[in-house]
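Shown next: protein_15.txt, given as compact mmCIF, C-alpha atoms and all ligand atoms.
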# COMPACT_ATOMS: atom_id res chain seq x y z
CA MET F 250 44.51 -29.71 -9.42
CA TYR F 251 41.11 -30.50 -7.85
CA VAL F 252 39.98 -28.50 -4.81
CA VAL F 253 37.35 -29.82 -2.39
CA VAL F 254 36.15 -27.55 0.41
CA ASN F 255 34.81 -29.51 3.36
CA ALA F 256 33.10 -27.93 6.34
CA ALA F 257 30.60 -28.68 9.08
CA VAL F 258 27.97 -26.04 9.74
CA SER F 259 25.15 -25.77 12.25
CA ALA F 260 21.56 -25.83 11.00
CA ASP F 261 21.79 -22.01 10.94
CA GLY F 262 24.98 -22.00 8.88
CA LYS F 263 27.66 -21.31 11.51
CA LEU F 264 31.14 -22.84 11.57
CA SER F 265 31.53 -22.22 15.29
CA SER F 266 30.16 -19.96 18.02
CA ARG F 267 30.90 -16.26 18.50
CA ARG F 268 33.74 -17.34 20.83
CA ARG F 269 35.35 -18.83 17.69
CA ASP F 270 36.63 -21.88 19.53
CA GLN F 271 36.43 -25.38 18.11
CA LEU F 272 32.85 -26.64 18.11
CA ALA F 273 31.90 -30.26 17.39
CA ILE F 274 29.14 -30.06 14.79
CA SER F 275 29.94 -33.40 13.16
CA GLY F 276 29.28 -36.70 14.88
CA ASP F 277 31.33 -39.90 14.65
CA GLU F 278 30.09 -40.83 11.16
CA ASP F 279 30.97 -37.46 9.70
CA PHE F 280 34.37 -37.28 11.41
CA ALA F 281 35.11 -40.75 9.93
CA ARG F 282 34.09 -39.48 6.47
CA VAL F 283 36.38 -36.44 6.90
CA ASP F 284 39.21 -38.77 7.89
CA ARG F 285 38.72 -40.77 4.66
CA LEU F 286 38.70 -37.56 2.64
CA ARG F 287 41.95 -36.47 4.30
CA ALA F 288 43.44 -39.89 3.50
CA ASP F 289 42.50 -39.46 -0.17
CA SER F 290 44.08 -35.98 -0.36
CA ASP F 291 47.58 -34.78 -1.18
CA ALA F 292 47.20 -31.72 1.06
CA VAL F 293 44.84 -30.31 3.69
CA VAL F 294 44.60 -26.51 3.71
CA VAL F 295 43.42 -24.11 6.44
CA GLY F 296 43.64 -20.38 7.10
CA VAL F 297 45.71 -19.11 10.01
CA GLY F 298 42.46 -18.05 11.74
CA THR F 299 41.65 -21.75 12.09
CA VAL F 300 45.16 -22.52 13.37
CA LEU F 301 44.84 -19.79 16.00
CA ALA F 302 41.31 -20.82 17.00
CA ASP F 303 41.51 -24.63 16.88
CA ASP F 304 45.20 -25.60 16.86
CA PRO F 305 44.34 -28.45 14.44
CA HIS F 306 46.66 -31.35 13.69
CA LEU F 307 45.09 -32.18 10.29
CA THR F 308 46.42 -35.73 10.26
CA VAL F 309 44.66 -38.98 9.31
CA LYS F 310 43.35 -40.46 12.55
CA ASP F 311 42.60 -44.05 11.40
CA GLU F 312 45.77 -46.15 11.44
CA GLN F 313 44.46 -48.44 8.68
CA LEU F 314 44.00 -45.44 6.39
CA ARG F 315 47.56 -44.30 7.14
CA ASP F 316 48.83 -47.83 6.44
CA ARG F 317 46.96 -47.90 3.13
CA ARG F 318 48.60 -44.62 2.10
CA ARG F 319 52.04 -46.06 2.93
CA GLU F 320 51.25 -49.25 0.95
CA ASN F 321 50.49 -47.00 -2.02
CA GLY F 322 53.91 -45.36 -1.70
CA ARG F 323 52.60 -42.16 -0.12
CA SER F 324 53.47 -40.51 3.17
CA ALA F 325 51.25 -41.60 6.09
CA ASN F 326 49.59 -38.18 6.19
CA PRO F 327 48.81 -35.61 3.51
CA ALA F 328 50.80 -32.38 3.52
CA ARG F 329 49.37 -29.58 5.65
CA VAL F 330 49.10 -26.04 4.33
CA VAL F 331 48.47 -22.82 6.29
CA VAL F 332 47.50 -19.62 4.48
CA ASP F 333 49.16 -17.06 6.73
CA SER F 334 49.96 -13.64 5.21
CA ASN F 335 51.94 -12.31 8.18
CA GLY F 336 53.44 -15.47 9.64
CA ARG F 337 51.19 -15.62 12.71
CA THR F 338 51.34 -19.42 13.03
CA PRO F 339 52.60 -20.08 16.59
CA MET F 340 55.82 -22.07 16.85
CA ASP F 341 54.10 -24.58 19.14
CA ALA F 342 51.17 -25.11 16.72
CA ALA F 343 50.29 -28.80 16.30
CA ILE F 344 50.43 -28.30 12.54
CA LEU F 345 54.19 -27.70 12.77
CA ASP F 346 55.01 -31.07 14.31
CA ASP F 347 56.81 -33.76 12.31
CA ALA F 348 53.75 -35.90 11.51
CA ALA F 349 53.62 -34.49 7.98
CA THR F 350 55.20 -31.94 5.70
CA THR F 351 53.77 -28.48 6.37
CA TYR F 352 53.71 -25.56 3.95
CA VAL F 353 53.17 -22.03 5.26
CA CYS F 354 52.00 -19.60 2.56
CA LEU F 355 53.18 -16.08 3.39
CA SER F 356 52.91 -12.68 1.72
CA GLU F 357 55.93 -10.57 0.76
CA ASN F 358 55.30 -8.42 3.83
CA ALA F 359 55.60 -11.22 6.38
CA PRO F 360 58.17 -10.16 9.01
CA VAL F 361 61.67 -11.49 8.30
CA GLU F 362 62.10 -12.89 11.83
CA ARG F 363 58.84 -14.87 11.54
CA ARG F 364 60.08 -16.31 8.24
CA ALA F 365 63.31 -17.43 9.88
CA ASP F 366 61.48 -19.14 12.77
CA LEU F 367 58.91 -20.85 10.58
CA ALA F 368 61.52 -22.02 8.06
CA ASP F 369 62.89 -24.39 10.74
CA ARG F 370 59.64 -26.34 10.84
CA ALA F 371 57.88 -25.76 7.50
CA GLN F 372 58.35 -25.19 3.80
CA LEU F 373 57.67 -21.52 3.09
CA LEU F 374 55.87 -20.23 -0.02
CA THR F 375 55.47 -16.55 -0.83
CA ALA F 376 52.67 -15.15 -2.99
CA GLY F 377 51.08 -11.70 -2.86
CA ASP F 378 52.22 -8.37 -1.38
CA ASP F 379 50.13 -7.84 1.78
CA ARG F 380 47.84 -10.83 1.60
CA VAL F 381 48.41 -14.30 0.25
CA ASP F 382 47.57 -14.44 -3.46
CA LEU F 383 45.69 -17.72 -3.54
CA LEU F 384 46.03 -18.30 -7.30
CA GLY F 385 49.80 -17.94 -7.01
CA ALA F 386 50.06 -20.04 -3.84
CA PHE F 387 47.93 -22.86 -5.24
CA ALA F 388 49.94 -22.85 -8.51
CA THR F 389 53.11 -23.34 -6.43
CA LEU F 390 51.49 -26.16 -4.47
CA GLN F 391 50.62 -27.83 -7.76
CA GLU F 392 54.25 -27.50 -8.89
CA GLN F 393 55.14 -29.41 -5.71
CA GLY F 394 52.99 -32.29 -6.96
CA LEU F 395 49.95 -31.56 -4.77
CA GLU F 396 46.94 -32.22 -6.98
CA GLN F 397 44.10 -33.42 -4.77
CA ILE F 398 43.47 -30.60 -2.31
CA MET F 399 41.09 -30.59 0.65
CA VAL F 400 40.30 -27.27 2.34
CA GLU F 401 39.01 -27.42 5.92
CA GLY F 402 38.27 -23.74 6.53
CA GLY F 403 37.67 -21.31 7.97
CA GLY F 404 35.09 -18.88 6.64
CA GLU F 405 37.49 -16.12 5.51
CA LEU F 406 39.63 -18.51 3.50
CA ILE F 407 36.65 -20.35 1.99
CA PHE F 408 35.15 -17.07 0.75
CA SER F 409 38.47 -16.04 -0.83
CA LEU F 410 38.83 -19.40 -2.57
CA PHE F 411 35.37 -19.02 -4.12
CA GLU F 412 36.27 -15.43 -5.07
CA ALA F 413 39.45 -16.67 -6.78
CA GLY F 414 37.49 -19.34 -8.66
CA LEU F 415 39.58 -22.13 -7.15
CA VAL F 416 36.84 -24.36 -5.71
CA ASP F 417 35.70 -27.45 -7.66
CA GLU F 418 33.51 -29.09 -5.03
CA LEU F 419 31.90 -28.22 -1.69
CA ARG F 420 30.97 -30.83 0.88
CA THR F 421 28.91 -29.42 3.73
CA PHE F 422 27.74 -31.40 6.71
CA VAL F 423 24.74 -29.59 8.20
CA GLY F 424 24.42 -30.64 11.83
CA PRO F 425 21.39 -30.63 14.13
CA LYS F 426 22.34 -27.56 16.21
CA ILE F 427 21.46 -23.89 16.31
CA VAL F 428 24.45 -21.70 17.20
CA GLY F 429 23.32 -18.17 16.37
CA GLY F 430 25.32 -14.99 16.82
CA ARG F 431 25.82 -12.26 14.24
CA ASP F 432 29.57 -12.47 14.83
CA ALA F 433 29.84 -16.24 14.67
CA PRO F 434 31.82 -17.40 11.60
CA THR F 435 29.85 -18.81 8.69
CA LEU F 436 30.87 -21.02 5.79
CA ALA F 437 31.85 -18.06 3.58
CA ASP F 438 32.65 -14.78 5.35
CA GLY F 439 35.05 -12.18 3.89
CA GLU F 440 33.50 -9.25 2.03
CA GLY F 441 30.67 -11.32 0.60
CA PHE F 442 29.44 -11.32 -3.00
CA VAL F 443 26.91 -8.76 -4.25
CA ALA F 444 26.84 -9.97 -7.86
CA GLU F 445 28.24 -12.85 -9.88
CA PHE F 446 27.54 -15.27 -7.07
CA PRO F 447 29.28 -18.62 -7.51
CA MET F 448 26.57 -21.11 -8.45
CA LEU F 449 26.46 -24.73 -7.32
CA GLU F 450 24.89 -27.94 -8.58
CA LEU F 451 23.70 -30.40 -5.95
CA GLU F 452 25.29 -33.78 -6.68
CA GLU F 453 24.29 -35.85 -3.65
CA PHE F 454 22.63 -35.69 -0.25
CA ASP F 455 22.98 -38.25 2.52
CA ARG F 456 21.57 -38.44 6.04
CA LEU F 457 24.17 -38.99 8.74
CA ASP F 458 24.75 -38.10 12.39
CA GLY F 459 21.23 -36.65 12.63
CA GLY F 460 22.04 -34.13 9.92
CA VAL F 461 22.71 -34.11 6.21
CA LEU F 462 25.81 -34.18 4.04
CA LEU F 463 25.42 -32.04 0.93
CA THR F 464 27.83 -32.56 -1.96
CA TRP F 465 27.87 -29.66 -4.41
CA CYS F 466 29.85 -29.10 -7.61
CA VAL F 467 30.75 -25.56 -8.60
CA GLU F 468 29.14 -24.58 -11.90
CA GLY F 469 31.56 -23.99 -14.73
CA ARG F 470 34.39 -26.06 -13.20
N1 LIG F 501 33.08 -26.35 11.46
C1 LIG F 501 34.11 -26.46 10.62
O1 LIG F 501 34.12 -27.32 9.72
C2 LIG F 501 35.26 -25.53 10.76
C3 LIG F 501 35.22 -24.46 11.64
N2 LIG F 501 36.25 -23.57 11.68
C4 LIG F 501 36.11 -22.38 12.54
O2 LIG F 501 36.31 -21.22 11.74
C5 LIG F 501 36.89 -20.19 12.53
C6 LIG F 501 38.14 -19.66 11.86
O3 LIG F 501 37.77 -19.09 10.63
P1 LIG F 501 38.29 -17.64 10.21
O4 LIG F 501 38.43 -16.80 11.42
O5 LIG F 501 37.43 -17.19 9.11
O6 LIG F 501 39.78 -17.91 9.72
P2 LIG F 501 40.43 -18.67 8.47
O7 LIG F 501 40.88 -20.00 8.93
O8 LIG F 501 39.58 -18.58 7.27
O9 LIG F 501 41.75 -17.80 8.26
C7 LIG F 501 41.63 -16.48 7.76
C8 LIG F 501 42.98 -15.81 7.81
O10 LIG F 501 43.80 -16.34 6.77
C9 LIG F 501 44.70 -15.36 6.36
N3 LIG F 501 44.68 -15.16 4.92
C10 LIG F 501 45.79 -14.93 4.18
N4 LIG F 501 45.48 -14.74 2.90
C11 LIG F 501 44.15 -14.86 2.81
C12 LIG F 501 43.29 -14.75 1.72
N5 LIG F 501 43.70 -14.53 0.49
N6 LIG F 501 41.97 -14.90 1.97
C13 LIG F 501 41.52 -15.16 3.22
N7 LIG F 501 42.32 -15.27 4.30
C14 LIG F 501 43.63 -15.12 4.09
C15 LIG F 501 44.29 -14.05 7.04
O11 LIG F 501 45.17 -13.84 8.13
C16 LIG F 501 42.90 -14.33 7.53
O12 LIG F 501 42.59 -13.60 8.69
C17 LIG F 501 37.18 -20.78 13.89
O13 LIG F 501 36.13 -20.41 14.76
C18 LIG F 501 37.15 -22.29 13.64
O14 LIG F 501 36.76 -23.01 14.78
C19 LIG F 501 37.38 -23.74 10.93
C20 LIG F 501 37.48 -24.80 10.09
C21 LIG F 501 36.44 -25.77 9.91
N1 LIG F 502 34.40 -31.89 9.82
C1 LIG F 502 34.45 -31.12 10.93
N2 LIG F 502 33.41 -31.13 11.79
C2 LIG F 502 33.43 -30.34 12.85
O1 LIG F 502 32.39 -30.38 13.68
C3 LIG F 502 34.52 -29.50 13.10
N3 LIG F 502 34.55 -28.71 14.22
C4 LIG F 502 35.59 -29.54 12.17
N4 LIG F 502 36.67 -28.78 12.38
C5 LIG F 502 37.85 -28.91 11.56
O2 LIG F 502 38.69 -29.97 12.01
C6 LIG F 502 39.94 -29.44 12.42
C7 LIG F 502 40.54 -30.24 13.57
O3 LIG F 502 41.36 -31.22 13.04
P1 LIG F 502 42.21 -32.24 13.99
O4 LIG F 502 41.21 -33.10 14.68
O5 LIG F 502 43.00 -31.42 14.95
O6 LIG F 502 43.06 -33.03 13.05
C8 LIG F 502 39.61 -28.03 12.79
O7 LIG F 502 40.67 -27.13 12.79
C9 LIG F 502 38.66 -27.66 11.67
O8 LIG F 502 39.35 -27.42 10.47
N5 LIG F 502 35.52 -30.35 11.09

Re-express the file's structure as structure tokens.
Amino acid sequence: MYVVVNAAVSADGKLSSRRRDQLAISGDEDFARVDRLRADSDAVVVGVGTVLADDPHLTVKDEQLRDRRRENGRSANPARVVVDSNGRTPMDAAILDDAATTYVCLSENAPVERRADLADRAQLLTAGDDRVDLLGAFATLQEQGLEQIMVEGGGELIFSLFEAGLVDELRTFVGPKIVGGRDAPTLADGEGFVAEFPMLELEEFDRLDGGVLLTWCVEGR
């Protein structure tokens, strides 16, 4: 399995504003790049915080890219995966429509009635007691044949993936905006590291959309 985390941050490192609603940081060029990365992936993963904040669809937008996937014997869209310990994904979430297979990763403690509802629209995986155990969940995704994984956020999930040692590559678009706000989400939130910080090697940098795309590999992967 190969895990790429992709995110767009403001020049001051925020994923969105303190209101936590969807904020366009990328421009057309970067959104097109993200679409190509989705098209190259077997699955696109987000945390439930992102589902609740953005109601993302996580599909490939360019019809030609969807056609190319079909020509290669794949589904038009990659699978979608929500990391959702307590089954908080709303039943009318865009991610639960029939455009692609959706996996919802739950913990053992997810309420039984939420499991029953979600099972109508998604494949359910269970890993971890109170919180999704990411190593276990990702191992199950791999057993399902999902090898090329793209993670689209948000900050809590990205931190946990680094903590679990699951990230191979980080692609960060840094856009020309200052957002500010001590409570605005950043690329890696969670508890934060105080030692044994994951270290990165810069592989590439490209100017686009008035900002810069940084491609990093995680040391030791
Ligand atoms: N600019 C960008 O590229 C992106 C921005 N965003 C923004 O990020 C914000 C959402 O991010 P967050 O609130 O951090 O939510 P998140 O999307 O990281 O989801 C976190 C939630 O996932 C669940 N979870 C279950 N197991 C977990 C585990 N082991 N580790 C971590 N989380 C686990 C928990 O319920 C947790 O609250 C929104 O404001 C959204 O707009 C989200 C994606 C991309
Ligand atoms: N690459 C990128 N740039 C931004 O500026 C963004 N705000 C995001 N957000 C991510 O894209 C998801 C929306 O996907 P759909 O268009 O609904 O398919 C959103 O949930 C974030 O994960 N990404």

Worksheet item: Using all atoms listed in the file, which residues sit within 7 Å of stretch 292-303 of chain F once same-chain residues fewer than 5 positions away are excluded, as a list in words?
Response: Arg269, Asp270, Gln271, Arg287, Pro327, Ala328, Arg329, Val330, Val331, Val332, Asp333, Thr338, Leu395, Gln397, Ile398, Met399, Val400, Glu401, Gly402, Gly403 and Leu406 of chain F

Worksheet item: What does the distance from atom CA of F:Gly394 to atom O3 of ligand LIG 501 (chain F) come to in Å, to one decimal?
Response: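 These two atoms are separated by 26.7 Å.
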
Worksheet item: Between F:Val252, F:Phe387, F:Asp432, F:Gly439, which has the minimum distance to F:Arg470 (counting all atoms listed in the file)?
Response: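 The closest residue to F:Arg470 is F:Val252.
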
Worksheet item: Using only C-alpha atoms and all ligand atoms, which protein or nucleic acid residues are at most 8 Å from ligand LIG 502 (chain F), as a ChimeraX atom specification?
Response: /F:255-258,264-265,271-276,279-280,283,295,299-300,302-310,343,401-403,422

Worksheet item: When you draw a straight line from atom N1 of ligand LIG 501 (chain F) to atom CA of F:Leu374, how long is it in Å?
Response: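 Atom-to-atom, atom N1 of ligand LIG 501 (chain F) to atom CA of F:Leu374, that is 26.2 Å.
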
Worksheet item: With distances taken over all atoms listed in the file, which of F:Glu405, F:Glu452, F:Glu362, F:Asp277 is nearest to ligand LIG 501 (chain F)?
Response: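 Using all atoms listed in the file, the shortest distance to ligand LIG 501 (chain F) belongs to F:Glu405.
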
Worksheet item: Which polymer residues have any atom within 9 Å of an atom of F:Glu412, counting only C-alpha atoms, with same-chain residues fewer than 6 positions away left out, as a count of residues only?
Response: 4

Practice prompt. Considering all atoms listed in the file, return as a list in words whatever protein or nucleic-acid residues lie within 12 Å of F:Glu312, sequence-local ones (same chain, fewer than 4 positions apart) excluded.
Written response: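 Once the adjacent positions are removed, what remains is Asp284, Arg285, Ala288, Thr308, Asp316, Arg317, Arg318, Arg319, Ala325 and Asn326 of chain F.
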
Would you output that residue set with C-alpha atoms, as a tab-separated table (two decimals), in the coordinates of the input?
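And here is the file that came out, again.tsv:
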chain	number	residue	atom	x	y	z
F	284	ASP	CA	39.21	-38.77	7.89
F	285	ARG	CA	38.72	-40.77	4.66
F	288	ALA	CA	43.44	-39.89	3.50
F	308	THR	CA	46.42	-35.73	10.26
F	316	ASP	CA	48.83	-47.83	6.44
F	317	ARG	CA	46.96	-47.90	3.13
F	318	ARG	CA	48.60	-44.62	2.10
F	319	ARG	CA	52.04	-46.06	2.93
F	325	ALA	CA	51.25	-41.60	6.09
F	326	ASN	CA	49.59	-38.18	6.19

Could you work out an axis-aligned bounding box for all listed atoms of ligand LIG 501 (chain F), with 5 Å added on each of the six sides, and give its centre and edge lengths in Å to one decimal, as AutoDock Vina command-line options?
--center_x 39.4 --center_y -20.5 --center_z 7.6 --size_x 22.7 --size_y 23.7 --size_z 24.3

Worksheet item: Need the neighbours of (31.9, -20.8, -17.7): which residues are at most 12 Å away, counting all atoms listed in the file, as a list of chain:residue names?
Response: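 Result, sorted by chain then residue number: F:Gly414, F:Glu445, F:Pro447, F:Met448, F:Val467, F:Glu468, F:Gly469, F:Arg470.
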
Worksheet item: What is the atom CA of F:Trp465 to atom CA of F:Gly262 distance in Å?
Response: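 Atom CA of F:Gly262 lies at a distance of 15.6 Å from atom CA of F:Trp465.
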
Worksheet entry | Which residue of F:Pro434, F:Pro360, F:Pro425, F:Gly459 approaches ligand LIG 501 (chain F) most closely, using only C-alpha atoms and all ligand atoms |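 Distance minimum relative to ligand LIG 501 (chain F) lands on F:Pro434.
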
Discussion item. I'd like to know which of F:Glu453, F:Asp438, F:Asp347, F:Asp417 is closest to ligand LIG 501 (chain F), using all atoms listed in the file.
Written reply: F:Asp438

Worksheet entry | For ligand LIG 501 (chain F), the nearest of the candidates F:Ser290, F:Gln372, F:Ser409, F:Asn358, counting all atoms listed in the file |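 Ranked by minimum distance to ligand LIG 501 (chain F), first place goes to F:Ser409.
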
Response to the item:
If you count all atoms listed in the file, the residue of F:Leu410, F:Leu449, F:Ala433, F:Met340 closest to F:Ala365 turns out to be F:Met340

Discussion item. So that I can see what lies close to F:Glu357, please list as a list in words the residues with an atom at most 7 Å from it, counting only C-alpha atoms and leaving out residues fewer than 3 positions away in the same chain.
Written reply: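 Surrounding residues, per the criterion: Thr375, Ala376, Gly377, Asp378 and Asp379 of chain F.
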